[in-house]
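Asker: One structure, pasted below without further comment.
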Amino acid sequence: MVSEDIQAGEKGGQAEAKRGQAGDKGGTALVIGGGPAGLMAAEVLAGAGLSVLVADRMPSLARKLLMAGKSGLNLTKAEPLTPMLRAYGESGDWLRPMLRAFGADQVQAWARGLGQELFIGSTGRVFPRVMKASPLLRAWLRRLDEAGVEVATRWTWRGWDGAQVLFDTPEGPLRLAPTVTVLALGGGSWARLGSDGAWAEHLEGVAPFAPSNCGFRRSWSDHMAGHFGQPVKAVTLRAGGHESRGEFVISRGGIEGGGIYALSAALREGAALVVDLFPDTAAGALAEKIDRLRKGESAGNRLRKLGLDAVKRALVMEVLRPLPGGGAELAHALKALPLALDGPQEMDRAISTAGGLTRAAVDEGLMLRARPGTFAAGEMLDWDAPTGGYLLTACLATGLWAGRAAADYALADAPASIAFSEATARR
Ligand SMILES: Cc1cc2nc3c(=O)[nH]c(=O)nc-3n(C[C@H](O)[C@H](O)[C@H](O)COP(=O)(O)OP(=O)(O)OC[C@H]3O[C@@H](n4cnc5c(N)ncnc54)[C@H](O)[C@@H]3O)c2cc1C
């Protein structure tokens, strides 16, 4: 369809006919990046009556969303706005109006509207019952198609030449001049799924990317090798005044998993990590229990009798050996086991990235101050949050917000509608 438009543009007469249908309420909207943020923006723009094209560099859309579904698609967190905003740290204030417009309740209603039965886990995390993302994405793409949204894949955005948006496509370089553009290009991790962060070179006001929700490096002694891949369950992790209750996994290169991801911002800044292996037992009570153990017991036996499983015992021995003799000292160490780390794992393996287009670079409607008519949404904006559904929620909320603002801009300011076909010319 898009290529037909391009040809029509070259033929002139058909472009006239198309122009009337394509943007008869106010012009054309180009969405670059077909992840959750871009698709949400596209839906809003189409709903406002604009002619919408979603362009993506990959052969198919929303690959990271599909990957997210592989480990259980955590759509949002069922909690009120105030605690939800806290998860976004300093960016909570920026995101407040967007999450008020599209927060936990709206995400759930949206997913149900796409035919997904949902369930809420004990910690408030919301998942589709099927856990994966593919049925939701299929239904969403069908709905977008019915709304007239066009899709161009294998189109890589290459910045601008004046007002024209530049792409490399399989057919060669291409230029478009849409009425409004929404950039939803993702963060800087998992490049093989499409979001490589290379877009940053084309924009002003981009804070450097940093890995977030990522594992951390640590060298283990040989005796830990038998525990690689094993979870350390039901612990509380503390770093830099933050704490996270959950589990983490011992990996060959260090530690990974939800409990650690939640602290990645603090750990990235160099905060020390301590692990409470007995989060439900007070230090005093634990010390008494230790003192009741038979004297002369081996270290391993003492730890086993305290209820620690094999991986926790190995971790304690790795970090504490030789164990402190007195009950009080050992209890203290088991409730604040210091786990030295050597920094974050490589950024490409991170679930998400901090950094991106800063708050100062956009206005209240997420329009680029340096380029009126161009908006930005999703993980490419400079906010950060732990896993727990917060990432997708903010991607959807900012996609909706940017889409609405772009539609308002197009409907208020657009000159007489310009179909893509008219503005498109091959070099
Ligand atoms: C393993 C994994 C598990 C996850 N699990 C969860 C979870 O359970 N819950 C949760 O909330 N979040 C989760 N996330 C994070 C979540 O998937 C992302 O935050 C979200 O997909 C970001 O959405 P987005 O639309 O901003 O960007 P993306 O989904 O990254 O989409 C950006 C799109 O832009 C395209 N693009 C980039 N550059 C160009 C260019 N130059 N030209 C054209 N197109 C371009 C890309 O191809 C891509 O399709 C997970 C992430 C990973 C990696």
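Here's how to read the names in the structure tokens: chain A, B, ... by the order shown, residue numbers from 1 in each chain, ligand numbers from 1 in the order shown.
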Please provide as a PyMOL selection string all residues within 10 Å of Ser195 (chain A), with the sequence filter that same-chain residues fewer than 4 positions apart are discarded (counting only C-alpha atoms).

Answerer: chain A and resi 33+35+57-58+63-64+184-191+199+348+379-380

Asker: Could you tell me, counting only C-alpha atoms and all ligand atoms, which protein and nucleic acid residues lie no more than 7 Å from ligand 1, written as number ranges by chain?

Answerer: A: 32-38, 55-58, 61-65, 67-69, 71-76, 155-158, 184-187, 190, 193-199, 350-352, 377-380, 387-393, 395

Asker: Write out as a ChimeraX atom specification which residues come within 12 Å of Leu357 (chain A) when counting only C-alpha atoms, dropping same-chain ones fewer than 4 positions away.

Answerer: /A:183-188,197,199-209,353,361-363,366-370,375-384

Asker: Write down as a list in words the residues belonging to region 276-423 of chain A that are assigned strand (DSSP E) by DSSP computed on the backbone.

Answerer: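 Matching residues for strand (DSSP E) in region 276-423 of chain A are Asp276, Leu337, Pro338, Ser352, Thr353, Ala354, Gly355, Gly356, Leu357, Thr374, Phe375 and Ala376 of chain A.
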
Asker: Using only C-alpha atoms, which of the listed residues (A:Ala265, A:Ala234, A:Val54, A:Gly226) sits closest to Arg154 (chain A)?

Answerer: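 So, comparing all the options, the nearest one is A:Val54.
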
Asker: Where does DSSP see alpha helix (DSSP H) in region 69-99 of chain A, if you list the residues as a list in words?

Answerer: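 So the alpha helix (DSSP H) residues in region 69-99 of chain A would be Gly69, Lys70, Leu81, Thr82, Pro83, Met84, Leu85, Arg86, Gly92, Asp93, Trp94, Leu95, Arg96, Pro97, Met98 and Leu99 of chain A.
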
Asker: Go ahead and dump the residues you just picked, N, CA and C atoms, as a PDB file, in the first residue's frame.

Answerer:
ATOM      1  N   GLY A  69       7.523 -11.442  26.324  1.00  0.00           N
ATOM      2  CA  GLY A  69       6.529 -12.470  26.623  1.00  0.00           C
ATOM      3  C   GLY A  69       7.133 -13.838  26.856  1.00  0.00           C
ATOM      4  N   LYS A  70       8.370 -14.023  26.463  1.00  0.00           N
ATOM      5  CA  LYS A  70       8.986 -15.358  26.623  1.00  0.00           C
ATOM      6  C   LYS A  70       9.157 -15.720  28.086  1.00  0.00           C
ATOM      7  N   LEU A  81      -1.810   5.251  41.616  1.00  0.00           N
ATOM      8  CA  LEU A  81      -0.845   6.105  40.915  1.00  0.00           C
ATOM      9  C   LEU A  81       0.353   6.487  41.793  1.00  0.00           C
ATOM     10  N   THR A  82       0.109   6.845  43.057  1.00  0.00           N
ATOM     11  CA  THR A  82       1.215   7.379  43.871  1.00  0.00           C
ATOM     12  C   THR A  82       2.349   6.368  44.054  1.00  0.00           C
ATOM     13  N   PRO A  83       2.077   5.140  44.511  1.00  0.00           N
ATOM     14  CA  PRO A  83       3.199   4.186  44.590  1.00  0.00           C
ATOM     15  C   PRO A  83       3.769   3.855  43.217  1.00  0.00           C
ATOM     16  N   MET A  84       2.926   3.857  42.213  1.00  0.00           N
ATOM     17  CA  MET A  84       3.447   3.560  40.869  1.00  0.00           C
ATOM     18  C   MET A  84       4.469   4.626  40.447  1.00  0.00           C
ATOM     19  N   LEU A  85       4.152   5.883  40.708  1.00  0.00           N
ATOM     20  CA  LEU A  85       5.070   6.963  40.303  1.00  0.00           C
ATOM     21  C   LEU A  85       6.418   6.833  40.999  1.00  0.00           C
ATOM     22  N   ARG A  86       6.390   6.327  42.239  1.00  0.00           N
ATOM     23  CA  ARG A  86       7.655   6.175  42.981  1.00  0.00           C
ATOM     24  C   ARG A  86       8.630   5.266  42.239  1.00  0.00           C
ATOM     25  N   GLY A  92       9.246  10.356  37.927  1.00  0.00           N
ATOM     26  CA  GLY A  92       7.835  10.201  38.276  1.00  0.00           C
ATOM     27  C   GLY A  92       7.046  11.484  38.054  1.00  0.00           C
ATOM     28  N   ASP A  93       7.665  12.598  38.388  1.00  0.00           N
ATOM     29  CA  ASP A  93       6.995  13.888  38.256  1.00  0.00           C
ATOM     30  C   ASP A  93       6.697  14.187  36.772  1.00  0.00           C
ATOM     31  N   TRP A  94       7.649  13.880  35.925  1.00  0.00           N
ATOM     32  CA  TRP A  94       7.498  14.082  34.471  1.00  0.00           C
ATOM     33  C   TRP A  94       6.363  13.201  33.912  1.00  0.00           C
ATOM     34  N   LEU A  95       6.357  11.945  34.368  1.00  0.00           N
ATOM     35  CA  LEU A  95       5.421  10.974  33.796  1.00  0.00           C
ATOM     36  C   LEU A  95       4.024  11.054  34.426  1.00  0.00           C
ATOM     37  N   ARG A  96       3.889  11.820  35.519  1.00  0.00           N
ATOM     38  CA  ARG A  96       2.618  11.835  36.268  1.00  0.00           C
ATOM     39  C   ARG A  96       1.390  12.025  35.361  1.00  0.00           C
ATOM     40  N   PRO A  97       1.336  13.096  34.546  1.00  0.00           N
ATOM     41  CA  PRO A  97       0.109  13.273  33.750  1.00  0.00           C
ATOM     42  C   PRO A  97      -0.121  12.123  32.767  1.00  0.00           C
ATOM     43  N   MET A  98       0.948  11.556  32.284  1.00  0.00           N
ATOM     44  CA  MET A  98       0.818  10.480  31.292  1.00  0.00           C
ATOM     45  C   MET A  98       0.309   9.194  31.952  1.00  0.00           C
ATOM     46  N   LEU A  99       0.843   8.917  33.148  1.00  0.00           N
ATOM     47  CA  LEU A  99       0.397   7.707  33.846  1.00  0.00           C
ATOM     48  C   LEU A  99      -0.981   7.901  34.471  1.00  0.00           C
TER      49      LEU A  99
END
